[in-house]
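Below is the file my_file_37.cif, which contains mmCIF, C-alpha atoms.
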```
data_start
loop_
_atom_site.label_atom_id
_atom_site.label_comp_id
_atom_site.auth_asym_id
_atom_site.auth_seq_id
_atom_site.Cartn_x
_atom_site.Cartn_y
_atom_site.Cartn_z
CA MET P 1 13.87 25.99 2.22
CA ILE P 2 11.07 23.86 0.74
CA VAL P 3 10.57 24.82 -2.90
CA ASP P 4 8.19 21.99 -3.90
CA ASP P 5 6.32 20.25 -1.09
CA ARG P 6 4.81 17.68 -3.50
CA VAL P 7 8.21 16.08 -4.03
CA LEU P 8 8.50 15.39 -0.30
CA ARG P 9 5.28 13.39 -0.22
CA GLU P 10 5.47 9.61 -0.29
CA ASP P 11 2.88 9.36 -3.10
CA PHE P 12 4.86 11.62 -5.46
CA VAL P 13 5.71 9.85 -8.73
CA PRO P 14 9.14 11.03 -9.98
CA SER P 15 10.00 11.55 -13.64
CA GLU P 16 12.61 8.80 -13.28
CA VAL P 17 12.49 5.82 -10.91
CA VAL P 18 15.79 5.31 -9.09
CA HIS P 19 17.21 1.82 -8.46
CA ARG P 20 14.20 -0.06 -9.81
CA HIS P 21 15.17 -0.38 -13.48
CA ASP P 22 14.91 -4.19 -13.56
CA GLU P 23 11.47 -4.06 -11.97
CA VAL P 24 10.32 -1.33 -14.38
CA ASN P 25 11.54 -3.36 -17.35
CA LEU P 26 9.83 -6.54 -16.15
CA LEU P 27 6.48 -4.81 -15.59
CA SER P 28 6.80 -2.91 -18.88
CA GLU P 29 7.43 -6.14 -20.78
CA SER P 30 4.39 -7.77 -19.19
CA LEU P 31 2.19 -4.84 -20.32
CA GLU P 32 3.66 -4.60 -23.82
CA PRO P 33 0.90 -6.69 -25.49
CA LEU P 34 -1.48 -3.80 -24.79
CA LEU P 35 0.38 -1.71 -27.36
CA ALA P 36 -0.54 -4.31 -29.98
CA GLY P 37 -4.18 -4.38 -28.86
CA HIS P 38 -3.89 -7.60 -26.86
CA ARG P 39 -4.89 -8.36 -23.30
CA THR P 40 -2.10 -9.18 -20.82
CA ASP P 41 -1.76 -11.88 -18.19
CA PRO P 42 -2.01 -10.60 -14.62
CA ALA P 43 1.07 -8.85 -13.24
CA PHE P 44 1.85 -9.19 -9.54
CA LEU P 45 3.99 -6.75 -7.55
CA PHE P 46 5.14 -8.28 -4.25
CA GLY P 47 7.27 -6.85 -1.48
CA PRO P 48 7.24 -5.21 1.96
CA THR P 49 5.91 -1.74 2.69
CA GLY P 50 7.91 1.23 1.46
CA VAL P 51 9.81 -0.40 -1.40
CA GLY P 52 8.16 1.50 -4.25
CA LYS P 53 5.56 -0.96 -5.57
CA THR P 54 2.77 1.58 -6.03
CA CYS P 55 5.12 4.30 -7.25
CA LEU P 56 6.60 1.97 -9.86
CA ALA P 57 3.17 0.85 -11.05
CA ARG P 58 2.04 4.45 -11.52
CA TYR P 59 5.29 5.39 -13.24
CA THR P 60 5.25 2.43 -15.63
CA LEU P 61 1.61 2.88 -16.58
CA ALA P 62 2.14 6.61 -17.17
CA GLN P 63 4.89 5.63 -19.60
CA LEU P 64 2.54 3.15 -21.26
CA GLN P 65 -0.21 5.77 -21.65
CA ALA P 66 2.31 8.18 -23.16
CA GLN P 67 2.91 5.56 -25.85
CA ASP P 68 -0.76 4.71 -26.29
CA PRO P 69 -3.27 7.24 -24.86
CA ASP P 70 -6.07 4.85 -25.79
CA VAL P 71 -5.18 2.64 -22.81
CA ARG P 72 -7.20 3.54 -19.71
CA VAL P 73 -5.84 3.03 -16.19
CA ALA P 74 -7.80 2.73 -12.95
CA TYR P 75 -6.28 2.55 -9.46
CA VAL P 76 -8.18 0.93 -6.60
CA ASN P 77 -6.93 0.85 -3.01
CA CYS P 78 -8.45 -2.39 -1.71
CA TRP P 79 -7.66 -1.40 1.87
CA GLN P 80 -10.57 1.03 1.50
CA GLU P 81 -12.47 -0.53 -1.42
CA TYR P 82 -12.59 -4.11 -0.16
CA THR P 83 -15.90 -5.46 -1.50
CA ARG P 84 -16.97 -6.54 -4.97
CA PHE P 85 -19.35 -3.57 -5.25
CA ARG P 86 -16.70 -1.02 -4.23
CA VAL P 87 -14.08 -2.40 -6.60
CA LEU P 88 -16.45 -2.44 -9.56
CA TYR P 89 -17.75 1.03 -8.71
CA SER P 90 -14.21 2.42 -8.44
CA LEU P 91 -13.31 1.04 -11.85
CA LEU P 92 -16.47 2.47 -13.42
CA GLU P 93 -15.79 5.80 -11.71
CA ALA P 94 -12.32 5.91 -13.28
CA ILE P 95 -13.85 5.61 -16.76
CA ASP P 96 -16.81 7.94 -16.07
CA GLN P 97 -19.48 5.23 -16.16
CA THR P 98 -21.19 5.70 -12.77
CA THR P 99 -24.25 7.68 -13.89
CA SER P 100 -27.42 6.53 -12.06
CA ILE P 101 -25.55 3.99 -9.92
CA HIS P 102 -26.60 3.87 -6.27
CA ARG P 103 -25.76 1.71 -3.27
CA SER P 104 -28.78 -0.43 -4.06
CA THR P 105 -27.68 -1.05 -7.66
CA PRO P 106 -27.13 -4.80 -8.15
CA LYS P 107 -23.50 -5.81 -8.48
CA ASP P 108 -24.25 -7.72 -11.65
CA GLU P 109 -25.42 -4.45 -13.20
CA LEU P 110 -22.07 -2.84 -12.35
CA PHE P 111 -20.27 -5.78 -13.92
CA GLY P 112 -22.49 -5.47 -17.00
CA ARG P 113 -21.57 -1.82 -17.39
CA LEU P 114 -17.90 -2.64 -17.14
CA ASP P 115 -18.40 -5.36 -19.74
CA ASP P 116 -20.13 -2.87 -22.05
CA ALA P 117 -17.18 -0.46 -21.77
CA GLY P 118 -14.95 -2.80 -23.76
CA ASP P 119 -14.24 -0.46 -26.64
CA ARG P 120 -10.86 0.47 -25.12
CA PRO P 121 -8.39 -1.52 -22.99
CA LEU P 122 -8.43 -0.93 -19.24
CA VAL P 123 -5.61 -1.70 -16.81
CA ALA P 124 -7.05 -2.24 -13.33
CA VAL P 125 -4.40 -1.69 -10.65
CA LEU P 126 -5.61 -3.21 -7.39
CA ASP P 127 -3.33 -2.03 -4.59
CA GLU P 128 -3.41 -3.81 -1.21
CA VAL P 129 -5.28 -6.56 -3.05
CA ASP P 130 -4.71 -8.92 -0.11
CA GLN P 131 -7.31 -6.85 1.78
CA LEU P 132 -10.18 -7.88 -0.50
CA GLU P 133 -13.01 -9.54 1.40
CA GLU P 134 -14.65 -10.73 -1.83
CA THR P 135 -11.84 -12.09 -4.00
CA ALA P 136 -14.40 -13.42 -6.49
CA VAL P 137 -14.29 -9.94 -8.06
CA LEU P 138 -10.87 -10.93 -9.44
CA TYR P 139 -12.52 -13.81 -11.25
CA ASP P 140 -15.10 -11.35 -12.60
CA LEU P 141 -12.44 -9.00 -13.91
CA HIS P 142 -10.39 -11.81 -15.42
CA ARG P 143 -13.43 -12.79 -17.51
CA LEU P 144 -13.46 -9.40 -19.24
CA PRO P 145 -11.23 -9.50 -22.34
CA HIS P 146 -10.51 -5.77 -22.28
CA VAL P 147 -9.38 -5.67 -18.61
CA SER P 148 -5.76 -6.38 -17.63
CA LEU P 149 -4.86 -6.77 -13.96
CA VAL P 150 -1.93 -5.39 -11.97
CA LEU P 151 -2.16 -6.71 -8.41
CA ILE P 152 -0.06 -5.28 -5.57
CA ALA P 153 0.43 -7.10 -2.26
CA ASN P 154 3.04 -7.87 0.37
CA ARG P 155 3.51 -11.64 0.01
CA GLU P 156 2.49 -14.07 -2.69
CA GLU P 157 1.79 -17.03 -0.40
CA GLU P 158 -0.53 -14.98 1.81
CA LEU P 159 -2.37 -13.55 -1.18
CA PHE P 160 -2.98 -16.89 -2.89
CA ALA P 161 -4.00 -18.51 0.39
CA SER P 162 -6.95 -16.08 0.44
CA PHE P 163 -8.19 -17.18 -3.01
CA ASP P 164 -10.70 -19.92 -3.66
CA ASP P 165 -9.72 -22.61 -6.17
CA ARG P 166 -11.53 -20.90 -9.05
CA VAL P 167 -9.69 -17.59 -8.58
CA ARG P 168 -6.37 -19.30 -7.85
CA SER P 169 -6.48 -21.30 -11.08
CA ARG P 170 -7.31 -18.23 -13.19
CA LEU P 171 -4.57 -16.06 -11.71
CA HIS P 172 -1.82 -18.64 -11.33
CA ALA P 173 -0.18 -17.59 -14.60
CA GLY P 174 1.28 -14.14 -14.86
CA THR P 175 4.35 -12.03 -14.22
CA ARG P 176 5.77 -11.78 -10.69
CA VAL P 177 7.78 -8.63 -9.89
CA GLN P 178 9.51 -9.05 -6.53
CA PHE P 179 10.67 -5.99 -4.57
CA ASP P 180 13.31 -6.16 -1.84
CA ARG P 181 14.12 -3.56 0.79
CA TYR P 182 16.27 -0.70 -0.45
CA GLY P 183 19.93 -0.77 0.53
CA THR P 184 21.31 2.28 2.33
CA ASP P 185 23.10 3.59 -0.79
CA GLU P 186 19.94 3.14 -2.87
CA LEU P 187 17.85 5.04 -0.34
CA VAL P 188 20.46 7.81 -0.18
CA ALA P 189 20.14 8.19 -3.97
CA ILE P 190 16.34 8.37 -3.74
CA LEU P 191 16.49 10.97 -0.96
CA ARG P 192 19.09 12.99 -2.85
CA GLU P 193 16.77 13.25 -5.86
CA ARG P 194 13.90 14.35 -3.62
CA ALA P 195 16.15 16.95 -1.95
CA ILE P 196 17.38 18.29 -5.30
CA GLN P 197 13.82 18.73 -6.59
CA GLY P 198 12.08 19.72 -3.36
CA LEU P 199 14.59 21.81 -1.37
CA GLU P 200 16.86 24.79 -1.86
CA PRO P 201 20.40 23.90 -3.04
CA ASN P 202 22.73 22.60 -0.31
CA ALA P 203 19.89 22.42 2.21
CA VAL P 204 20.97 18.95 3.33
CA ARG P 205 24.35 17.18 3.17
CA THR P 206 25.03 13.69 1.82
CA GLU P 207 26.13 12.40 5.24
CA GLN P 208 22.82 13.62 6.66
CA LEU P 209 20.93 11.77 3.94
CA ARG P 210 22.88 8.66 4.91
CA THR P 211 21.81 9.11 8.54
CA ILE P 212 18.19 9.32 7.38
CA ALA P 213 18.57 6.27 5.13
CA GLU P 214 20.08 4.19 7.93
CA ALA P 215 17.26 5.18 10.28
CA ALA P 216 14.66 4.26 7.65
CA SER P 217 15.95 0.67 7.38
CA GLY P 218 15.15 0.29 3.69
CA ASP P 219 11.68 1.86 3.87
CA ALA P 220 11.50 4.80 1.44
CA ARG P 221 8.22 5.92 2.97
CA VAL P 222 9.93 6.43 6.33
CA GLY P 223 13.03 8.01 4.78
CA ILE P 224 11.01 10.58 2.83
CA GLY P 225 8.97 11.31 5.95
CA ILE P 226 12.12 12.00 7.97
CA LEU P 227 13.50 14.30 5.27
CA ARG P 228 10.20 16.18 5.08
CA SER P 229 9.96 16.56 8.86
CA ALA P 230 13.54 17.79 9.16
CA ALA P 231 13.10 20.30 6.31
CA ARG P 232 9.95 21.68 7.91
CA ARG P 233 11.79 22.13 11.19
CA ALA P 234 14.53 24.04 9.41
CA GLU P 235 12.00 26.18 7.55
CA GLN P 236 10.15 27.02 10.76
CA ALA P 237 13.44 27.99 12.39
CA GLY P 238 14.35 30.19 9.42
CA ASP P 239 17.53 28.19 8.77
CA GLU P 240 19.05 27.69 5.34
CA GLN P 241 20.34 24.20 6.16
CA VAL P 242 19.04 21.15 7.97
CA THR P 243 21.01 20.45 11.14
CA THR P 244 21.90 17.09 12.63
CA ALA P 245 19.76 17.91 15.67
CA MET P 246 16.76 18.47 13.39
CA ILE P 247 17.27 15.07 11.78
CA ASP P 248 17.60 13.39 15.18
CA ALA P 249 14.29 14.96 16.22
CA ALA P 250 12.64 14.17 12.88
CA ILE P 251 13.34 10.43 13.02
CA PRO P 252 10.83 9.55 15.79
CA ASP P 253 8.47 12.32 14.64
CA ALA P 254 8.25 10.91 11.11
CA ARG P 255 7.67 7.37 12.33
CA THR P 256 4.94 8.56 14.70
CA ALA P 257 3.26 10.59 11.93
CA ILE P 258 3.26 7.62 9.56
CA ARG P 259 1.94 5.37 12.29
CA GLN P 260 -0.84 7.83 13.17
CA LYS P 261 -1.85 8.22 9.54
CA THR P 262 -2.00 4.44 9.15
CA VAL P 263 -4.08 4.01 12.32
CA GLU P 264 -6.47 6.74 11.16
CA GLY P 265 -6.87 4.86 7.86
CA LEU P 266 -7.93 1.63 9.53
CA LEU P 267 -11.44 0.46 8.76
CA GLU P 268 -13.96 -0.05 11.56
CA HIS P 269 -13.22 -3.73 12.22
CA GLN P 270 -9.48 -3.26 11.84
CA ARG P 271 -9.59 -0.43 14.37
CA VAL P 272 -11.55 -2.60 16.83
CA LEU P 273 -8.83 -5.27 16.62
CA TYR P 274 -6.15 -2.61 17.10
CA ASP P 275 -7.96 -1.15 20.12
CA VAL P 276 -8.47 -4.57 21.74
CA ILE P 277 -4.72 -5.28 21.41
CA ASN P 278 -3.92 -1.82 22.74
CA ASP P 279 -6.18 -2.32 25.76
CA ALA P 280 -4.79 -5.77 26.51
CA GLY P 281 -1.11 -4.95 26.09
CA GLU P 282 -0.51 -8.46 24.77
CA ILE P 283 -3.17 -10.98 23.76
CA GLU P 284 -3.52 -14.41 22.18
CA PRO P 285 -5.70 -14.84 19.07
CA GLY P 286 -8.61 -16.69 20.69
CA THR P 287 -9.14 -14.05 23.37
CA LEU P 288 -8.62 -11.29 20.79
CA TYR P 289 -11.41 -12.69 18.59
CA GLU P 290 -13.75 -13.08 21.57
CA ARG P 291 -13.27 -9.48 22.70
CA TYR P 292 -13.58 -8.25 19.12
CA GLU P 293 -16.92 -10.04 18.72
CA GLN P 294 -18.18 -8.42 21.92
CA ARG P 295 -17.56 -4.96 20.45
CA VAL P 296 -19.14 -5.31 16.98
CA GLU P 297 -22.64 -6.12 15.82
CA GLU P 298 -21.71 -8.09 12.70
CA PRO P 299 -18.32 -9.81 13.18
CA LYS P 300 -16.17 -10.59 10.18
CA THR P 301 -15.00 -14.12 9.43
CA THR P 302 -11.89 -15.51 11.09
CA ARG P 303 -10.10 -15.48 7.73
CA THR P 304 -10.85 -11.78 7.27
CA LEU P 305 -9.61 -11.03 10.79
CA ARG P 306 -6.39 -12.92 10.08
CA ASN P 307 -5.93 -10.83 6.92
CA HIS P 308 -6.45 -7.65 8.92
CA LEU P 309 -3.91 -8.72 11.54
CA THR P 310 -1.36 -9.76 8.91
CA LYS P 311 -1.71 -6.39 7.18
CA MET P 312 -1.25 -4.51 10.46
CA VAL P 313 1.93 -6.53 11.07
CA HIS P 314 3.22 -5.54 7.60
CA TYR P 315 2.54 -1.90 8.42
CA ASP P 316 4.40 -2.11 11.76
CA LEU P 317 1.31 -1.30 13.79
CA ILE P 318 1.36 -4.58 15.69
CA GLU P 319 3.77 -7.46 16.03
CA SER P 320 3.21 -11.17 16.37
CA VAL P 321 5.36 -12.96 18.97
CA GLY P 322 5.57 -16.71 19.38
CA LYS P 323 4.26 -19.37 17.03
CA HIS P 324 1.19 -21.54 16.61
CA ARG P 325 -0.66 -21.92 19.92
CA GLY P 326 1.83 -19.67 21.66
CA ARG P 327 1.27 -16.73 19.29
CA ARG P 328 0.38 -13.40 20.86
CA TYR P 329 -0.17 -9.93 19.44
CA ARG P 330 0.98 -6.60 20.84
CA LEU P 331 1.44 -3.06 19.55
CA VAL P 332 4.80 -2.07 18.08
CA ALA P 333 6.44 0.29 20.55
CA ASP P 334 6.07 3.99 19.72
CA GLU P 335 9.58 5.25 19.05
CA SER P 336 8.80 8.80 20.19
CA ASN P 337 7.56 7.56 23.57
CA GLU P 338 10.66 5.39 23.98
CA SER P 339 12.96 8.31 23.23
CA ASP P 340 11.04 10.53 25.64
CA GLN P 341 11.34 7.94 28.39
CA SER P 342 15.04 7.37 27.78
CA GLY P 343 15.57 11.13 27.94
CA GLU P 344 13.72 11.29 31.25
CA ASN P 345 15.73 8.39 32.67
CA SER P 346 19.12 9.77 31.65
#
```

Structure encoded using structure tokens:
Amino acid sequence: MIVDDRVLREDFVPSEVVHRHDEVNLLSESLEPLLAGHRTDPAFLFGPTGVGKTCLARYTLAQLQAQDPDVRVAYVNCWQEYTRFRVLYSLLEAIDQTTSIHRSTPKDELFGRLDDAGDRPLVAVLDEVDQLEETAVLYDLHRLPHVSLVLIANREEELFASFDDRVRSRLHAGTRVQFDRYGTDELVAILRERAIQGLEPNAVRTEQLRTIAEAASGDARVGIGILRSAARRAEQAGDEQVTTAMIDAAIPDARTAIRQKTVEGLLEHQRVLYDVINDAGEIEPGTLYERYEQRVEEPKTTRTLRNHLTKMVHYDLIESVGKHRGRRYRLVADESNESDQSGENS
């Protein structure tokens, strides 16, 4: 049934982006000066998880490089590469300039190498940029005339609140591309294209794609995961078509798989916060920070911890209930466990 598994992965970049033409045009226009040899102002891509920000950035920059192969592009996931050293190293790695660099290499030397590599323009795409612990690296990059920035985050106000005045003033100007949740019809169209490219003909019906889209609630990442899980079930069963029962089973399975992958990707201090909340069931911030500090040798700052918690809320790992002094954190309920329990109770 599955003819191309790559198409059913959430990080697959299609040959045509569906239902994001305005966003593509806006980002393309902001990058157009590169074609004339000029540096661009920063471009910001804002929106919730699963709305195609990263996919659109990759698609648009691939189109740009097709027009001008001289433009270099480097992608950095700041969830993993969250320090100044790691960001600079990742950028140098993308342009093959990491020879003789070690962990002990001074950060200023890395910056100097990036400065020396100014013979060709470089677009630095910093995904999950709101996870940076050292936002001063953005100031560094903005100083380099050959580096153009594309910054991807969930919310503008949260991102700029993490900047110091120097960074905020440098990055205030620039293009904002805002992404909203996909509507059900839009998500059906996205899933249909994935099914056409990735599955045998007539493997899944339009009404089944609509069921998947409604369950995904505007999150393409979840919708694609459900489609992939259902198709694998059909393939394992030797069926030529996906059944409604397979989709019903795939919905909680896909959400659980995405959740597990996200939890496994948490960094050490993020995972400690997650585990403290899990152990407590529900916990207020002060107690959470105290228990976190008891479990780590070198605690992060309160601001960093708030960033970690905010990001975990965006990724539906935890939820924040109440406001101000009454705020408490708890894990988002696991859908597969809830369905198991409801089945046992019925």

Residues within 6 Å of segment 230-236 of chain P, please, as a PyMOL selection string. Count all atoms listed in the file; anything in the same chain fewer than 6 positions from it doesn't count. chain P and resi 1+242+246-247+250

What residues come out when you apply the PyMOL selection byres ((chain P and resi 252-255) around 8) to this file, written as an mmCIF file with C-alpha atoms, in the frame of the given file?
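Contents of selection.cif, as written:
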```cif
data_model
loop_
_atom_site.group_PDB
_atom_site.id
_atom_site.type_symbol
_atom_site.label_atom_id
_atom_site.label_comp_id
_atom_site.auth_asym_id
_atom_site.auth_seq_id
_atom_site.Cartn_x
_atom_site.Cartn_y
_atom_site.Cartn_z
ATOM 1 C CA VAL P 222 9.930 6.430 6.330
ATOM 2 C CA GLY P 225 8.970 11.310 5.950
ATOM 3 C CA ILE P 226 12.120 12.000 7.970
ATOM 4 C CA SER P 229 9.960 16.560 8.860
ATOM 5 C CA ASP P 248 17.600 13.390 15.180
ATOM 6 C CA ALA P 249 14.290 14.960 16.220
ATOM 7 C CA ALA P 250 12.640 14.170 12.880
ATOM 8 C CA ILE P 251 13.340 10.430 13.020
ATOM 9 C CA THR P 256 4.940 8.560 14.700
ATOM 10 C CA ALA P 257 3.260 10.590 11.930
ATOM 11 C CA ILE P 258 3.260 7.620 9.560
ATOM 12 C CA ARG P 259 1.940 5.370 12.290
ATOM 13 C CA GLU P 335 9.580 5.250 19.050
ATOM 14 C CA SER P 336 8.800 8.800 20.190
ATOM 15 C CA SER P 339 12.960 8.310 23.230
#
```

List the residues selected by the PyMOL selection byres ((chain P and resi 46) around 12) in the file shown, writing them as a VMD selection string. chain P and resid 23 27 43 to 45 47 to 54 56 to 57 127 to 130 150 to 160 175 to 181

Since I can't run it myself right now, could you work out what the PyMOL selection byres ((chain P and resi 184) around 9) selects here and report it as a ChimeraX atom specification? /P:182-183,185-189,210,213-214,216-218

Using only C-alpha atoms, the shortest atom-to-atom distance to Leu138 of chain P among P:Leu171, P:Leu61, P:Leu114, P:Leu266 belongs to P:Leu171

Have a look at atom CA of Leu126 of chain P and atom CA of Glu298 of chain P and let me know their distance in Å, one decimal. 26.2 Å

Identify which of the residues P:Tyr289, P:Tyr274, P:Tyr89, P:Phe163 lies closest to Val76 of chain P, counting only C-alpha atoms when measuring atom-to-atom distances.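 Residue with the minimum atom-to-atom distance to Val76 of chain P: P:Tyr89.
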
With all atoms of segment 210-219 of chain P from the file as input, state the centre and edge lengths in Å to one decimal of the axis-aligned box that has 5 Å extra on each side, as AutoDock Vina command-line options.
```
--center_x 17.3 --center_y 4.8 --center_z 7.0 --size_x 21.2 --size_y 19.0 --size_z 16.6
```

Pick out the closest residue to Arg143 of chain P from this set: P:Asp41, P:Glu319, P:Glu268, P:Glu193. Count all atoms listed in the file.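 For Arg143 of chain P, the nearest of the candidates is P:Asp41.
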
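The interatomic distance for the pair atom CA of Ala245 of chain P and atom CA of Gln208 of chain P works out to 10.4 Å.
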
Select, from P:Ala237, P:Leu317, P:Ile277, P:Val125, the residue with the minimum atom-to-atom distance to Glu264 of chain P, counting all atoms listed in the file.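 Of P:Ala237, P:Leu317, P:Ile277, P:Val125, the one nearest Glu264 of chain P is P:Leu317, counting all atoms listed in the file.
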
Shortest contact to Gly112 of chain P, candidates P:Asp68, P:Leu88, P:Gln241, P:Asp5, atoms counted only C-alpha atoms, goes to P:Leu88

Which one of P:Gly326, P:Val123, P:Arg84, P:Phe12 sits closest to Glu109 of chain P if you count only C-alpha atoms?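 Closest residue, counting only C-alpha atoms: P:Arg84.
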
Work out how far apart atom CA of Arg328 of chain P and atom CA of Thr83 of chain P are and give it in Å to one decimal.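 According to the coordinates, atom CA of Arg328 of chain P and atom CA of Thr83 of chain P are separated by 28.8 Å.
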
May I have the residues at most 10 Å from (-3.4, -6.9, 7.6) in the file's coordinates, counting all atoms listed in the file, as a PyMOL selection string? chain P and resi 79+128+130-131+154+266+270+304-315+317-318

The residues within 9 Å of (-8.9, -1.7, -31.0), using only C-alpha atoms and the coordinates of the file, should be reported as an NGL selection string; which are they? :P and (36-38 or 70 or 119-121)

For segment 305-312 of chain P, where the input has fewer atoms than it should, I would like all heavy atoms rebuilt and written as a PDB file, keeping the file's coordinate frame.
```
ATOM      1  N   LEU P 305     -10.337 -11.582   9.634  1.00  0.00           N
ATOM      2  CA  LEU P 305      -9.610 -11.030  10.790  1.00  0.00           C
ATOM      3  C   LEU P 305      -8.124 -11.346  10.700  1.00  0.00           C
ATOM      4  O   LEU P 305      -7.275 -10.505  11.010  1.00  0.00           O
ATOM      5  CB  LEU P 305     -10.204 -11.589  12.084  1.00  0.00           C
ATOM      6  CG  LEU P 305     -11.657 -11.228  12.381  1.00  0.00           C
ATOM      7  CD1 LEU P 305     -12.084 -11.810  13.722  1.00  0.00           C
ATOM      8  CD2 LEU P 305     -11.866  -9.719  12.370  1.00  0.00           C
ATOM      9  N   ARG P 306      -7.799 -12.563  10.253  1.00  0.00           N
ATOM     10  CA  ARG P 306      -6.390 -12.920  10.080  1.00  0.00           C
ATOM     11  C   ARG P 306      -5.731 -12.025   9.040  1.00  0.00           C
ATOM     12  O   ARG P 306      -4.583 -11.592   9.204  1.00  0.00           O
ATOM     13  CB  ARG P 306      -6.242 -14.391   9.696  1.00  0.00           C
ATOM     14  CG  ARG P 306      -6.411 -15.354  10.869  1.00  0.00           C
ATOM     15  CD  ARG P 306      -5.807 -16.714  10.524  1.00  0.00           C
ATOM     16  NE  ARG P 306      -6.458 -17.312   9.363  1.00  0.00           N
ATOM     17  CZ  ARG P 306      -7.452 -18.188   9.427  1.00  0.00           C
ATOM     18  NH1 ARG P 306      -7.908 -18.570  10.607  1.00  0.00           N
ATOM     19  NH2 ARG P 306      -7.979 -18.697   8.323  1.00  0.00           N
ATOM     20  N   ASN P 307      -6.463 -11.736   7.947  1.00  0.00           N
ATOM     21  CA  ASN P 307      -5.930 -10.830   6.920  1.00  0.00           C
ATOM     22  C   ASN P 307      -5.673  -9.449   7.495  1.00  0.00           C
ATOM     23  O   ASN P 307      -4.644  -8.819   7.212  1.00  0.00           O
ATOM     24  CB  ASN P 307      -6.915 -10.718   5.748  1.00  0.00           C
ATOM     25  CG  ASN P 307      -6.909 -11.948   4.863  1.00  0.00           C
ATOM     26  OD1 ASN P 307      -6.030 -12.794   4.964  1.00  0.00           O
ATOM     27  ND2 ASN P 307      -7.902 -12.055   3.998  1.00  0.00           N
ATOM     28  N   HIS P 308      -6.623  -8.972   8.301  1.00  0.00           N
ATOM     29  CA  HIS P 308      -6.450  -7.650   8.920  1.00  0.00           C
ATOM     30  C   HIS P 308      -5.211  -7.626   9.823  1.00  0.00           C
ATOM     31  O   HIS P 308      -4.419  -6.677   9.796  1.00  0.00           O
ATOM     32  CB  HIS P 308      -7.680  -7.293   9.755  1.00  0.00           C
ATOM     33  CG  HIS P 308      -8.897  -6.990   8.937  1.00  0.00           C
ATOM     34  ND1 HIS P 308      -8.835  -6.603   7.620  1.00  0.00           N
ATOM     35  CD2 HIS P 308     -10.225  -6.981   9.277  1.00  0.00           C
ATOM     36  CE1 HIS P 308     -10.069  -6.387   7.174  1.00  0.00           C
ATOM     37  NE2 HIS P 308     -10.918  -6.618   8.148  1.00  0.00           N
ATOM     38  N   LEU P 309      -5.048  -8.666  10.619  1.00  0.00           N
ATOM     39  CA  LEU P 309      -3.910  -8.720  11.540  1.00  0.00           C
ATOM     40  C   LEU P 309      -2.589  -8.805  10.772  1.00  0.00           C
ATOM     41  O   LEU P 309      -1.610  -8.136  11.124  1.00  0.00           O
ATOM     42  CB  LEU P 309      -4.055  -9.918  12.487  1.00  0.00           C
ATOM     43  CG  LEU P 309      -5.201  -9.808  13.511  1.00  0.00           C
ATOM     44  CD1 LEU P 309      -5.446 -11.161  14.171  1.00  0.00           C
ATOM     45  CD2 LEU P 309      -4.892  -8.750  14.561  1.00  0.00           C
ATOM     46  N   THR P 310      -2.570  -9.626   9.725  1.00  0.00           N
ATOM     47  CA  THR P 310      -1.360  -9.760   8.910  1.00  0.00           C
ATOM     48  C   THR P 310      -0.978  -8.417   8.294  1.00  0.00           C
ATOM     49  O   THR P 310       0.191  -8.022   8.276  1.00  0.00           O
ATOM     50  CB  THR P 310      -1.561 -10.802   7.805  1.00  0.00           C
ATOM     51  OG1 THR P 310      -1.826 -12.073   8.402  1.00  0.00           O
ATOM     52  CG2 THR P 310      -0.330 -10.912   6.922  1.00  0.00           C
ATOM     53  N   LYS P 311      -1.978  -7.687   7.788  1.00  0.00           N
ATOM     54  CA  LYS P 311      -1.710  -6.390   7.180  1.00  0.00           C
ATOM     55  C   LYS P 311      -1.180  -5.400   8.206  1.00  0.00           C
ATOM     56  O   LYS P 311      -0.256  -4.626   7.934  1.00  0.00           O
ATOM     57  CB  LYS P 311      -2.981  -5.851   6.525  1.00  0.00           C
ATOM     58  CG  LYS P 311      -2.807  -4.511   5.826  1.00  0.00           C
ATOM     59  CD  LYS P 311      -1.756  -4.550   4.736  1.00  0.00           C
ATOM     60  CE  LYS P 311      -2.169  -5.380   3.568  1.00  0.00           C
ATOM     61  NZ  LYS P 311      -1.216  -5.278   2.430  1.00  0.00           N
ATOM     62  N   MET P 312      -1.725  -5.428   9.420  1.00  0.00           N
ATOM     63  CA  MET P 312      -1.250  -4.510  10.460  1.00  0.00           C
ATOM     64  C   MET P 312       0.177  -4.854  10.900  1.00  0.00           C
ATOM     65  O   MET P 312       0.941  -3.972  11.288  1.00  0.00           O
ATOM     66  CB  MET P 312      -2.213  -4.511  11.649  1.00  0.00           C
ATOM     67  CG  MET P 312      -3.506  -3.756  11.366  1.00  0.00           C
ATOM     68  SD  MET P 312      -4.510  -3.446  12.849  1.00  0.00           S
ATOM     69  CE  MET P 312      -5.335  -5.032  13.019  1.00  0.00           C
TER      70      MET P 312
END
```
